[in-house]
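Data from final02.csv: CSV, C-alpha atoms and all ligand atoms
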chain,number,residue,atom,x,y,z
A,1,MET,CA,22.9,0.9,19.8
A,2,ILE,CA,23.0,0.0,16.1
A,3,ARG,CA,20.2,-2.4,15.1
A,4,HIS,CA,20.5,-5.0,12.3
A,5,LEU,CA,18.1,-7.3,10.5
A,6,LEU,CA,20.1,-10.5,10.2
A,7,ALA,CA,17.4,-13.1,11.0
A,8,ASP,CA,13.6,-12.8,11.4
A,9,ASP,CA,13.7,-13.1,15.2
A,10,ASP,CA,15.9,-10.0,15.5
A,11,LEU,CA,12.6,-8.2,15.7
A,12,SER,CA,10.4,-8.8,18.7
A,13,PRO,CA,6.7,-9.3,18.2
A,14,ALA,CA,6.1,-5.6,19.0
A,15,GLU,CA,8.9,-4.5,16.7
A,16,GLN,CA,7.7,-6.7,13.9
A,17,ALA,CA,4.2,-5.2,14.2
A,18,GLU,CA,5.8,-1.7,14.2
A,19,VAL,CA,7.7,-2.4,11.0
A,20,LEU,CA,4.6,-3.9,9.3
A,21,ALA,CA,2.5,-0.9,10.3
A,22,LEU,CA,5.2,1.4,8.9
A,23,ALA,CA,5.3,-0.6,5.7
A,24,ALA,CA,1.5,-0.2,5.3
A,25,GLU,CA,1.8,3.5,5.9
A,26,ILE,CA,4.7,3.9,3.4
A,27,LYS,CA,2.7,1.9,0.8
A,28,ARG,CA,-0.2,4.4,1.2
A,29,ASP,CA,2.1,7.4,1.1
A,30,PRO,CA,5.3,6.4,-0.7
A,31,PHE,CA,7.3,9.6,-0.3
A,32,SER,CA,6.2,10.4,3.3
A,33,ARG,CA,9.5,9.1,4.8
A,34,ARG,CA,12.9,10.5,3.6
A,35,PRO,CA,15.5,9.1,6.1
A,36,LEU,CA,18.1,9.0,3.3
A,37,ALA,CA,17.5,12.5,2.0
A,38,GLY,CA,20.8,14.1,0.9
A,39,PRO,CA,21.1,11.6,-0.8
A,40,SER,CA,22.8,9.2,1.6
A,41,THR,CA,24.1,5.9,0.1
A,42,VAL,CA,22.9,2.4,0.9
A,43,ALA,CA,25.4,-0.3,-0.3
A,44,MET,CA,23.9,-3.5,-1.6
A,45,ILE,CA,26.2,-6.4,-2.1
A,46,PHE,CA,25.1,-9.4,-4.2
A,47,ASP,CA,27.0,-12.7,-4.0
A,48,LYS,CA,24.0,-14.6,-5.5
A,49,GLN,CA,21.6,-13.9,-8.3
A,50,THR,CA,18.9,-11.4,-7.9
A,51,LEU,CA,16.0,-9.7,-9.6
A,52,ARG,CA,13.3,-8.7,-7.1
A,53,THR,CA,15.8,-7.8,-4.3
A,54,GLN,CA,18.0,-5.6,-6.4
A,55,ALA,CA,15.0,-3.9,-8.1
A,56,SER,CA,12.9,-3.4,-4.9
A,57,PHE,CA,15.8,-2.2,-2.7
A,58,SER,CA,17.1,0.2,-5.5
A,59,ALA,CA,13.6,1.7,-6.1
A,60,GLY,CA,12.9,1.8,-2.3
A,61,ILE,CA,16.2,3.5,-1.4
A,62,ALA,CA,15.6,6.1,-4.1
A,63,GLU,CA,12.1,6.7,-2.8
A,64,LEU,CA,13.6,7.3,0.7
A,65,GLY,CA,15.7,10.0,-0.8
A,66,GLY,CA,18.9,7.9,-1.0
A,67,PHE,CA,21.4,6.5,-3.5
A,68,PRO,CA,21.4,2.7,-4.1
A,69,LEU,CA,25.0,1.6,-4.7
A,70,VAL,CA,25.1,-2.0,-6.1
A,71,VAL,CA,28.4,-3.8,-5.3
A,72,ASP,CA,29.0,-6.9,-7.3
A,73,GLY,CA,30.1,-9.5,-4.8
A,74,ALA,CA,32.3,-11.4,-7.3
A,75,LEU,CA,34.1,-8.3,-8.4
A,76,ALA,CA,34.7,-7.1,-4.8
A,77,GLY,CA,35.7,-10.6,-3.7
A,78,VAL,CA,34.2,-10.3,-0.2
A,79,GLY,CA,36.1,-12.6,2.0
A,80,VAL,CA,38.4,-13.6,-0.8
A,81,ARG,CA,40.2,-10.5,-2.0
A,82,GLU,CA,39.8,-8.9,1.4
A,83,SER,CA,38.3,-10.0,4.6
A,84,VAL,CA,34.6,-9.5,5.6
A,85,PRO,CA,35.7,-7.2,8.5
A,86,ASP,CA,37.8,-5.0,6.1
A,87,VAL,CA,34.9,-4.8,3.6
A,88,ALA,CA,32.6,-3.8,6.5
A,89,ARG,CA,34.9,-1.1,7.7
A,90,VAL,CA,35.3,0.4,4.2
A,91,LEU,CA,31.6,0.3,3.2
A,92,GLY,CA,30.5,1.5,6.6
A,93,ARG,CA,32.5,4.7,6.0
A,94,GLN,CA,30.6,5.2,2.7
A,95,ALA,CA,27.1,4.1,3.4
A,96,ALA,CA,24.3,4.7,5.9
A,97,ALA,CA,23.4,1.0,5.7
A,98,ILE,CA,24.6,-2.2,4.1
A,99,VAL,CA,22.3,-4.8,2.5
A,100,TRP,CA,23.9,-8.1,1.7
A,101,ARG,CA,22.8,-11.3,-0.2
A,102,THR,CA,25.3,-14.0,0.5
A,103,GLY,CA,25.6,-17.7,1.6
A,104,ALA,CA,26.8,-18.4,5.1
A,105,GLN,CA,24.9,-16.5,7.9
A,106,SER,CA,28.2,-16.2,9.7
A,107,ARG,CA,29.5,-13.8,7.0
A,108,LEU,CA,26.5,-11.5,7.6
A,109,GLU,CA,27.1,-11.6,11.3
A,110,GLU,CA,30.7,-10.7,10.8
A,111,MET,CA,29.7,-7.8,8.6
A,112,ALA,CA,27.3,-6.5,11.2
A,113,GLU,CA,30.0,-6.7,13.9
A,114,HIS,CA,32.4,-4.4,12.0
A,115,ALA,CA,30.3,-2.2,9.8
A,116,GLY,CA,29.3,0.5,12.3
A,117,VAL,CA,26.0,0.9,10.3
A,118,PRO,CA,22.8,-1.2,10.1
A,119,VAL,CA,23.2,-4.4,8.1
A,120,VAL,CA,20.2,-6.1,6.4
A,121,ASN,CA,20.0,-9.7,5.3
A,122,ALA,CA,18.9,-9.7,1.7
A,123,LEU,CA,18.9,-13.6,1.8
A,124,THR,CA,21.4,-16.0,3.2
A,125,ASP,CA,21.4,-19.8,3.1
A,126,ASP,CA,19.6,-19.7,6.4
A,127,TYR,CA,17.0,-16.9,6.3
A,128,HIS,CA,15.2,-14.4,4.1
A,129,PRO,CA,13.7,-11.9,6.6
A,130,CYS,CA,12.9,-9.1,4.1
A,131,GLN,CA,10.8,-11.5,2.0
A,132,LEU,CA,8.9,-12.5,5.2
A,133,LEU,CA,8.1,-8.9,6.1
A,134,ALA,CA,6.7,-8.4,2.5
A,135,ASP,CA,4.8,-11.7,2.8
A,136,LEU,CA,3.3,-10.8,6.2
A,137,LEU,CA,2.2,-7.4,4.8
A,138,THR,CA,0.6,-9.3,1.9
A,139,VAL,CA,-1.2,-11.7,4.1
A,140,SER,CA,-2.6,-8.9,6.3
A,141,GLU,CA,-3.8,-7.1,3.2
A,142,HIS,CA,-5.7,-10.2,2.0
A,143,ARG,CA,-6.7,-11.8,5.3
A,144,GLY,CA,-6.6,-9.1,8.0
A,145,PRO,CA,-4.9,-9.5,11.4
A,146,LEU,CA,-2.2,-12.1,11.3
A,147,ARG,CA,-2.6,-13.6,14.8
A,148,GLY,CA,-4.3,-17.0,14.7
A,149,LEU,CA,-4.1,-17.6,11.0
A,150,VAL,CA,-2.8,-21.0,9.8
A,151,VAL,CA,0.0,-21.0,7.3
A,152,ALA,CA,1.3,-24.1,5.6
A,153,PHE,CA,4.7,-24.1,3.9
A,154,VAL,CA,5.1,-27.2,1.7
A,155,GLY,CA,8.2,-28.4,-0.1
A,156,ASP,CA,11.9,-27.8,0.9
A,157,GLY,CA,11.2,-27.0,4.6
A,158,ALA,CA,15.0,-26.9,5.2
A,159,CYS,CA,15.6,-23.9,3.0
A,160,ASN,CA,15.8,-20.2,4.1
A,161,MET,CA,12.1,-19.6,3.4
A,162,GLY,CA,11.0,-22.5,5.6
A,163,SER,CA,13.1,-21.2,8.5
A,164,SER,CA,12.0,-17.6,8.0
A,165,TRP,CA,8.3,-18.6,7.9
A,166,LEU,CA,8.8,-20.5,11.2
A,167,LEU,CA,10.4,-17.6,13.0
A,168,ALA,CA,8.5,-14.7,11.5
A,169,GLY,CA,5.1,-16.5,11.5
A,170,ALA,CA,5.5,-17.4,15.1
A,171,THR,CA,6.5,-13.8,15.9
A,172,ALA,CA,3.3,-12.7,14.3
A,173,GLY,CA,1.2,-15.2,16.4
A,174,MET,CA,0.4,-17.4,13.4
A,175,HIS,CA,0.1,-21.2,13.4
A,176,VAL,CA,3.0,-22.3,11.2
A,177,ARG,CA,3.0,-25.8,9.6
A,178,ILE,CA,5.9,-27.1,7.6
A,179,GLY,CA,5.1,-30.0,5.3
A,180,ALA,CA,8.3,-31.7,4.0
A,181,PRO,CA,9.9,-35.1,3.7
A,182,ALA,CA,12.2,-36.1,6.6
A,183,GLU,CA,15.4,-35.1,4.8
A,184,PHE,CA,14.1,-31.6,3.9
A,185,GLN,CA,12.7,-30.5,7.3
A,186,PRO,CA,14.0,-27.5,9.1
A,187,SER,CA,16.8,-27.8,11.7
A,188,THR,CA,15.8,-28.6,15.3
A,189,GLY,CA,17.4,-25.4,16.4
A,190,VAL,CA,15.2,-23.2,14.3
A,191,VAL,CA,12.0,-25.2,15.2
A,192,GLU,CA,12.8,-24.8,18.9
A,193,ARG,CA,13.5,-21.0,18.5
A,194,ALA,CA,10.2,-20.6,16.7
A,195,ALA,CA,8.3,-22.7,19.3
A,196,ALA,CA,9.7,-20.6,22.1
A,197,ILE,CA,8.5,-17.4,20.3
A,198,ALA,CA,5.1,-19.0,19.6
A,199,VAL,CA,4.6,-19.6,23.4
A,200,THR,CA,4.7,-15.8,23.9
A,201,THR,CA,2.5,-14.8,20.9
A,202,GLY,CA,-0.2,-17.5,21.0
A,203,GLY,CA,1.0,-19.0,17.8
A,204,SER,CA,2.3,-22.6,17.2
A,205,VAL,CA,4.7,-24.5,15.0
A,206,ALA,CA,4.4,-28.0,13.6
A,207,VAL,CA,6.6,-30.1,11.2
A,208,LEU,CA,4.8,-32.8,9.3
A,209,ASP,CA,5.8,-35.2,6.6
A,210,ASP,CA,2.3,-35.4,5.0
A,211,PRO,CA,1.5,-32.6,2.6
A,212,VAL,CA,-2.3,-33.1,2.9
A,213,ARG,CA,-2.2,-32.8,6.7
A,214,ALA,CA,0.0,-29.7,6.5
A,215,VAL,CA,-2.3,-27.9,4.1
A,216,SER,CA,-5.7,-29.1,5.6
A,217,GLY,CA,-7.7,-26.0,6.8
A,218,ALA,CA,-4.8,-23.6,6.1
A,219,ASP,CA,-5.5,-19.9,5.4
A,220,VAL,CA,-2.2,-19.4,3.6
A,221,VAL,CA,-0.4,-21.9,1.5
A,222,VAL,CA,3.3,-21.2,0.6
A,223,THR,CA,5.9,-23.0,-1.4
A,224,ASP,CA,9.4,-22.2,-2.8
A,225,THR,CA,11.8,-23.6,-5.3
A,226,TRP,CA,13.1,-27.1,-4.5
A,227,VAL,CA,16.6,-26.0,-5.7
A,228,SER,CA,17.7,-23.0,-3.8
A,229,MET,CA,20.7,-21.0,-5.0
A,230,GLY,CA,23.9,-22.9,-4.3
A,231,ARG,CA,22.1,-26.3,-4.3
A,232,GLU,CA,22.1,-26.8,-8.1
A,233,ALA,CA,24.3,-29.9,-7.9
A,234,GLU,CA,21.6,-31.7,-5.9
A,235,SER,CA,18.9,-30.8,-8.4
A,236,GLY,CA,18.1,-34.4,-9.6
A,237,ASP,CA,17.8,-35.9,-6.1
A,238,ARG,CA,15.7,-32.9,-4.8
A,239,LEU,CA,13.2,-33.0,-7.7
A,240,ALA,CA,12.6,-36.7,-7.1
A,241,ALA,CA,12.3,-36.5,-3.3
A,242,LEU,CA,10.1,-33.5,-3.3
A,243,ALA,CA,7.7,-34.4,-6.1
A,244,PRO,CA,4.9,-35.5,-3.7
A,245,PHE,CA,4.9,-32.1,-2.1
A,246,SER,CA,4.1,-30.2,-5.3
A,247,LEU,CA,1.5,-27.5,-4.7
A,248,THR,CA,-1.1,-28.7,-7.2
A,249,ALA,CA,-4.8,-27.7,-7.4
A,250,GLU,CA,-5.6,-31.1,-5.8
A,251,LEU,CA,-3.4,-30.4,-2.8
A,252,LEU,CA,-4.7,-26.8,-2.5
A,253,ALA,CA,-8.3,-28.2,-2.4
A,254,HIS,CA,-7.5,-29.3,1.2
A,255,ALA,CA,-6.9,-25.7,2.4
A,256,GLU,CA,-9.7,-23.2,3.3
A,257,PRO,CA,-11.8,-22.4,0.3
A,258,ASP,CA,-10.5,-18.8,0.4
A,259,ALA,CA,-6.9,-19.7,1.1
A,260,ILE,CA,-4.3,-17.5,-0.6
A,261,VAL,CA,-1.2,-19.0,-2.3
A,262,MET,CA,2.3,-17.5,-1.9
A,263,HIS,CA,5.6,-18.0,-3.5
A,264,CYS,CA,8.7,-15.7,-3.2
A,265,LEU,CA,9.7,-16.4,-6.8
A,266,PRO,CA,11.4,-17.4,-9.0
A,267,ALA,CA,8.9,-20.2,-9.5
A,268,TYR,CA,9.3,-23.4,-11.6
A,269,ARG,CA,5.8,-24.2,-12.9
A,270,GLY,CA,5.2,-27.9,-12.9
A,271,GLN,CA,7.7,-28.6,-10.2
A,272,GLU,CA,7.1,-27.1,-6.7
A,273,ILE,CA,3.8,-25.4,-8.0
A,274,ALA,CA,1.4,-26.1,-10.8
A,275,ALA,CA,1.0,-23.3,-13.4
A,276,GLU,CA,-2.8,-23.2,-12.7
A,277,VAL,CA,-2.1,-22.5,-9.0
A,278,LEU,CA,0.6,-20.0,-9.5
A,279,ASP,CA,-1.3,-18.2,-12.2
A,280,GLY,CA,-4.8,-18.8,-10.6
A,281,PRO,CA,-7.2,-16.6,-8.7
A,282,ARG,CA,-5.9,-17.5,-5.2
A,283,SER,CA,-2.3,-16.6,-6.0
A,284,VAL,CA,-1.0,-13.3,-4.5
A,285,VAL,CA,2.6,-13.6,-5.8
A,286,TRP,CA,2.7,-10.3,-7.7
A,287,ASP,CA,1.5,-8.5,-4.6
A,288,GLU,CA,4.3,-10.2,-2.6
A,289,ALA,CA,6.9,-9.0,-5.2
A,290,GLU,CA,5.6,-5.4,-5.0
A,291,ASN,CA,5.5,-5.5,-1.3
A,292,ARG,CA,9.2,-6.1,-1.1
A,293,ARG,CA,9.7,-2.5,-1.8
A,294,HIS,CA,7.3,-1.2,0.8
A,295,ALA,CA,8.5,-3.6,3.5
A,296,GLN,CA,12.2,-2.9,2.9
A,297,LYS,CA,11.6,0.9,2.9
A,298,ALA,CA,10.0,0.3,6.3
A,299,VAL,CA,13.0,-1.8,7.5
A,300,LEU,CA,15.6,0.8,6.5
A,301,THR,CA,13.5,3.6,8.0
A,302,TRP,CA,13.0,1.7,11.2
A,303,LEU,CA,16.7,0.7,11.5
A,304,LEU,CA,18.0,4.2,10.8
A,305,GLU,CA,15.6,5.7,13.3
A,306,ALA,CA,16.4,3.0,15.9
A,307,ARG,CA,20.0,4.1,15.7
A,308,THR,CA,19.4,7.6,16.9
A,401,LIG,N1,15.0,-20.5,-1.3
A,401,LIG,C1,15.3,-19.6,-2.5
A,401,LIG,C2,14.7,-18.3,-2.4
A,401,LIG,C3,14.9,-17.4,-3.6
A,401,LIG,C4,14.4,-16.0,-3.4
A,401,LIG,C5,16.8,-19.6,-2.7
A,401,LIG,O1,17.5,-19.4,-1.7
A,401,LIG,O2,17.3,-19.6,-3.8

Translate this structure into structure tokens?
Amino acid sequence: MIRHLLADDDLSPAEQAEVLALAAEIKRDPFSRRPLAGPSTVAMIFDKQTLRTQASFSAGIAELGGFPLVVDGALAGVGVRESVPDVARVLGRQAAAIVWRTGAQSRLEEMAEHAGVPVVNALTDDYHPCQLLADLLTVSEHRGPLRGLVVAFVGDGACNMGSSWLLAGATAGMHVRIGAPAEFQPSTGVVERAAAIAVTTGGSVAVLDDPVRAVSGADVVVTDTWVSMGREAESGDRLAALAPFSLTAELLAHAEPDAIVMHCLPAYRGQEIAAEVLDGPRSVVWDEAENRRHAQKAVLTWLLEART
């Protein structure tokens, strides 16, 4: 059976732990795994802007012995010039795996259905599972075992990162709190999925509209841009509604004294996060950015091995 990583809960708790252990091993010994030796090609399609994802996948694929093929989504016209299933069939004959950053989750699901090779979500409107694996690796490096840690995500809880923290954090047995105004809270469906996972892992999920309550006693405090890619037209309304959820030094003072601060980047200093917090001693954002490469190498290795 071909395995894909389309959403965070495509990995069971045991599988997530396996991938994270593999990521740590690969970080210690970067050239120990060569599943793409040949080189085999991995196709990466970008329908949205990218810096970290393109750089970390390209470097990681090369380190796995492979060739990173970047496909410009606009140039290819995926779903416009030709259908998603036809693109899947074509790229699936050229590449060992397909990595795709796009909008609708349904497009990614359609790609996975027709590609014949593993498909990896490199961010959709709904989820960002590669970022979460990098983030969980980063938390474990700074805080040890994930199970039982309290993580607070404050800001746009309805964005891909909020949903991915709920699902991946619950899978890891963490206590995940989302602090967001009512109109920016995650969908009931995602909260229910995460809650069902948490029952099996000893974690928990909570959605709160008070940023101080969300952050109080947290071991990990996370935020993300208030204007995700594709939401630019709503920028003015979002900035006004989300202002009370800015991750300032004052808000962070309610977390554990040794809490770490995370942000997937790009960050907008003075909006969702204060410059002194992002650039301060508790911020681990550059470790997160580096860990994208290690985590994604583990994902590709794991998916390619799971196939055989
Ligand atoms: N929520 C952000 C994440 C960027 C990596 C977005 O979708 O733009």

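You will find atom CA of Arg34 of chain A at 23.2 Å from atom CA of Leu6 of chain A.
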
The residue from A:Ser246, A:Ser83, A:Gln16, A:Thr41 with the smallest atom-to-atom distance to Gly173 of chain A, counting all atoms listed in the file, is A:Gln16

Spatial neighbours of Arg238 of chain A, max dist 9 Å, only C-alpha atoms, sep filter under 4 positions, as a PyMOL selection string:
chain A and resi 156+184+226-227+234+242-243

Could you check which of A:Leu166, A:Phe46, A:His175, A:Pro181 is closest to Ala194 of chain A, using only C-alpha atoms?
A:Leu166

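Near ligand LIG 401 (chain A), at distances of 8 Å or less and with all atoms listed in the file counted, sit the residues Thr50, Leu123, Thr124, Asp125, His128, Gln131, Cys159, Asn160, Met161, Asp224, Thr225, Trp226, Val227, Ser228, Met229, Gly230, Cys264, Leu265 and Pro266 of chain A.
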
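In this comparison, which uses only C-alpha atoms, the residue of A:Ala206, A:Ala274, A:Ala182, A:Val139 approaching Ala170 of chain A most closely is A:Ala206.
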
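Between Val205 of chain A and the residues A:Ile260, A:Ala180, A:Val150, A:Val71, the shortest atom-to-atom distance, using all atoms listed in the file, involves A:Val150.
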
From A:Met44, A:Ala259, A:Ala134, A:Val215, residue lying nearest Phe245 of chain A [all atoms listed in the file]:
A:Val215

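Across A:Lys48, A:Arg143, A:Arg193, A:Arg282, the tightest approach to Ala104 of chain A is made by A:Lys48 when counting only C-alpha atoms.
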
What does the distance between atom CA of Ala115 of chain A and atom CA of Ala76 of chain A come to in Å, to one decimal place?
16.0 Å

Polymer residues at most 7 Å from Val120 of chain A, only C-alpha atoms, same-chain spacing of 6 or more positions, as a PyMOL selection string
chain A and resi 4-6+98-100

Could the residues in this selection be saved with C-alpha atoms as a tab-separated table (two decimals), in the coordinates of the input?
chain	number	residue	atom	x	y	z
A	4	HIS	CA	20.50	-5.00	12.30
A	5	LEU	CA	18.10	-7.30	10.50
A	6	LEU	CA	20.10	-10.50	10.20
A	98	ILE	CA	24.60	-2.20	4.10
A	99	VAL	CA	22.30	-4.80	2.50
A	100	TRP	CA	23.90	-8.10	1.70

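Note that the spacing between atom CA of Pro35 of chain A and atom CA of Gly92 of chain A amounts to 16.8 Å.
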
Find the spatial neighbours of Val277 of chain A, counting all atoms listed in the file, within a cut-off of 12 Å - ignore same-chain residues fewer than 5 positions away - and output them as a PDB file with C-alpha atoms, in the coordinates of the input.
ATOM      1  CA  VAL A 221      -0.400 -21.900   1.500  1.00  0.00           C
ATOM      2  CA  VAL A 222       3.300 -21.200   0.600  1.00  0.00           C
ATOM      3  CA  THR A 223       5.900 -23.000  -1.400  1.00  0.00           C
ATOM      4  CA  SER A 246       4.100 -30.200  -5.300  1.00  0.00           C
ATOM      5  CA  LEU A 247       1.500 -27.500  -4.700  1.00  0.00           C
ATOM      6  CA  THR A 248      -1.100 -28.700  -7.200  1.00  0.00           C
ATOM      7  CA  ALA A 249      -4.800 -27.700  -7.400  1.00  0.00           C
ATOM      8  CA  GLU A 250      -5.600 -31.100  -5.800  1.00  0.00           C
ATOM      9  CA  LEU A 251      -3.400 -30.400  -2.800  1.00  0.00           C
ATOM     10  CA  LEU A 252      -4.700 -26.800  -2.500  1.00  0.00           C
ATOM     11  CA  ALA A 253      -8.300 -28.200  -2.400  1.00  0.00           C
ATOM     12  CA  ALA A 259      -6.900 -19.700   1.100  1.00  0.00           C
ATOM     13  CA  ILE A 260      -4.300 -17.500  -0.600  1.00  0.00           C
ATOM     14  CA  VAL A 261      -1.200 -19.000  -2.300  1.00  0.00           C
ATOM     15  CA  MET A 262       2.300 -17.500  -1.900  1.00  0.00           C
ATOM     16  CA  HIS A 263       5.600 -18.000  -3.500  1.00  0.00           C
ATOM     17  CA  ALA A 267       8.900 -20.200  -9.500  1.00  0.00           C
ATOM     18  CA  TYR A 268       9.300 -23.400 -11.600  1.00  0.00           C
ATOM     19  CA  ARG A 269       5.800 -24.200 -12.900  1.00  0.00           C
ATOM     20  CA  GLY A 270       5.200 -27.900 -12.900  1.00  0.00           C
ATOM     21  CA  GLN A 271       7.700 -28.600 -10.200  1.00  0.00           C
ATOM     22  CA  GLU A 272       7.100 -27.100  -6.700  1.00  0.00           C
ATOM     23  CA  ARG A 282      -5.900 -17.500  -5.200  1.00  0.00           C
ATOM     24  CA  SER A 283      -2.300 -16.600  -6.000  1.00  0.00           C
ATOM     25  CA  VAL A 284      -1.000 -13.300  -4.500  1.00  0.00           C
ATOM     26  CA  VAL A 285       2.600 -13.600  -5.800  1.00  0.00           C
TER      27      VAL A 285
END

Spatial neighbours of Asn291 of chain A, 10 Å, only C-alpha atoms, chain gap at least 2 places, as an NGL selection string:
:A and (23-24 or 27 or 56 or 130-131 or 133-138 or 285-289 or 293-297)

Please rebuild segment 147-160 of chain A with N, CA, C and O atoms and give the result as a PDB file, in the coordinates of the input.
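Result went into part-v4.pdb, see below:
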ATOM      1  N   ARG A 147      -2.546 -12.667  13.637  1.00  0.00           N
ATOM      2  CA  ARG A 147      -2.600 -13.600  14.800  1.00  0.00           C
ATOM      3  C   ARG A 147      -3.699 -14.623  14.609  1.00  0.00           C
ATOM      4  O   ARG A 147      -4.839 -14.301  14.256  1.00  0.00           O
ATOM      5  N   GLY A 148      -3.341 -15.884  14.779  1.00  0.00           N
ATOM      6  CA  GLY A 148      -4.300 -17.000  14.700  1.00  0.00           C
ATOM      7  C   GLY A 148      -4.481 -17.594  13.335  1.00  0.00           C
ATOM      8  O   GLY A 148      -5.095 -18.651  13.200  1.00  0.00           O
ATOM      9  N   LEU A 149      -3.938 -16.952  12.291  1.00  0.00           N
ATOM     10  CA  LEU A 149      -4.100 -17.600  11.000  1.00  0.00           C
ATOM     11  C   LEU A 149      -3.169 -18.793  10.842  1.00  0.00           C
ATOM     12  O   LEU A 149      -2.109 -18.863  11.468  1.00  0.00           O
ATOM     13  N   VAL A 150      -3.612 -19.748  10.024  1.00  0.00           N
ATOM     14  CA  VAL A 150      -2.800 -21.000   9.800  1.00  0.00           C
ATOM     15  C   VAL A 150      -2.102 -20.864   8.465  1.00  0.00           C
ATOM     16  O   VAL A 150      -2.732 -20.623   7.429  1.00  0.00           O
ATOM     17  N   VAL A 151      -0.782 -21.024   8.520  1.00  0.00           N
ATOM     18  CA  VAL A 151       0.000 -21.000   7.300  1.00  0.00           C
ATOM     19  C   VAL A 151       0.717 -22.326   7.113  1.00  0.00           C
ATOM     20  O   VAL A 151       1.284 -22.867   8.063  1.00  0.00           O
ATOM     21  N   ALA A 152       0.632 -22.869   5.906  1.00  0.00           N
ATOM     22  CA  ALA A 152       1.300 -24.100   5.600  1.00  0.00           C
ATOM     23  C   ALA A 152       2.378 -23.861   4.536  1.00  0.00           C
ATOM     24  O   ALA A 152       2.072 -23.320   3.465  1.00  0.00           O
ATOM     25  N   PHE A 153       3.621 -24.211   4.860  1.00  0.00           N
ATOM     26  CA  PHE A 153       4.700 -24.100   3.900  1.00  0.00           C
ATOM     27  C   PHE A 153       5.012 -25.545   3.447  1.00  0.00           C
ATOM     28  O   PHE A 153       5.400 -26.382   4.273  1.00  0.00           O
ATOM     29  N   VAL A 154       4.863 -25.841   2.156  1.00  0.00           N
ATOM     30  CA  VAL A 154       5.100 -27.200   1.700  1.00  0.00           C
ATOM     31  C   VAL A 154       6.292 -27.227   0.701  1.00  0.00           C
ATOM     32  O   VAL A 154       6.441 -26.332  -0.120  1.00  0.00           O
ATOM     33  N   GLY A 155       7.115 -28.266   0.827  1.00  0.00           N
ATOM     34  CA  GLY A 155       8.200 -28.400  -0.100  1.00  0.00           C
ATOM     35  C   GLY A 155       9.547 -28.550   0.672  1.00  0.00           C
ATOM     36  O   GLY A 155       9.655 -29.352   1.612  1.00  0.00           O
ATOM     37  N   ASP A 156      10.558 -27.749   0.251  1.00  0.00           N
ATOM     38  CA  ASP A 156      11.900 -27.800   0.900  1.00  0.00           C
ATOM     39  C   ASP A 156      11.832 -27.004   2.207  1.00  0.00           C
ATOM     40  O   ASP A 156      12.192 -25.830   2.241  1.00  0.00           O
ATOM     41  N   GLY A 157      11.397 -27.671   3.258  1.00  0.00           N
ATOM     42  CA  GLY A 157      11.200 -27.000   4.600  1.00  0.00           C
ATOM     43  C   GLY A 157      12.562 -26.641   5.202  1.00  0.00           C
ATOM     44  O   GLY A 157      12.593 -25.892   6.178  1.00  0.00           O
ATOM     45  N   ALA A 158      13.676 -27.167   4.662  1.00  0.00           N
ATOM     46  CA  ALA A 158      15.000 -26.900   5.200  1.00  0.00           C
ATOM     47  C   ALA A 158      15.607 -25.622   4.614  1.00  0.00           C
ATOM     48  O   ALA A 158      16.685 -25.193   5.040  1.00  0.00           O
ATOM     49  N   CYS A 159      14.951 -25.033   3.633  1.00  0.00           N
ATOM     50  CA  CYS A 159      15.600 -23.900   3.000  1.00  0.00           C
ATOM     51  C   CYS A 159      15.316 -22.603   3.792  1.00  0.00           C
ATOM     52  O   CYS A 159      14.565 -22.600   4.773  1.00  0.00           O
ATOM     53  N   ASN A 160      15.961 -21.530   3.359  1.00  0.00           N
ATOM     54  CA  ASN A 160      15.800 -20.200   4.100  1.00  0.00           C
ATOM     55  C   ASN A 160      14.385 -19.827   4.264  1.00  0.00           C
ATOM     56  O   ASN A 160      14.034 -19.311   5.324  1.00  0.00           O
TER      57      ASN A 160
END
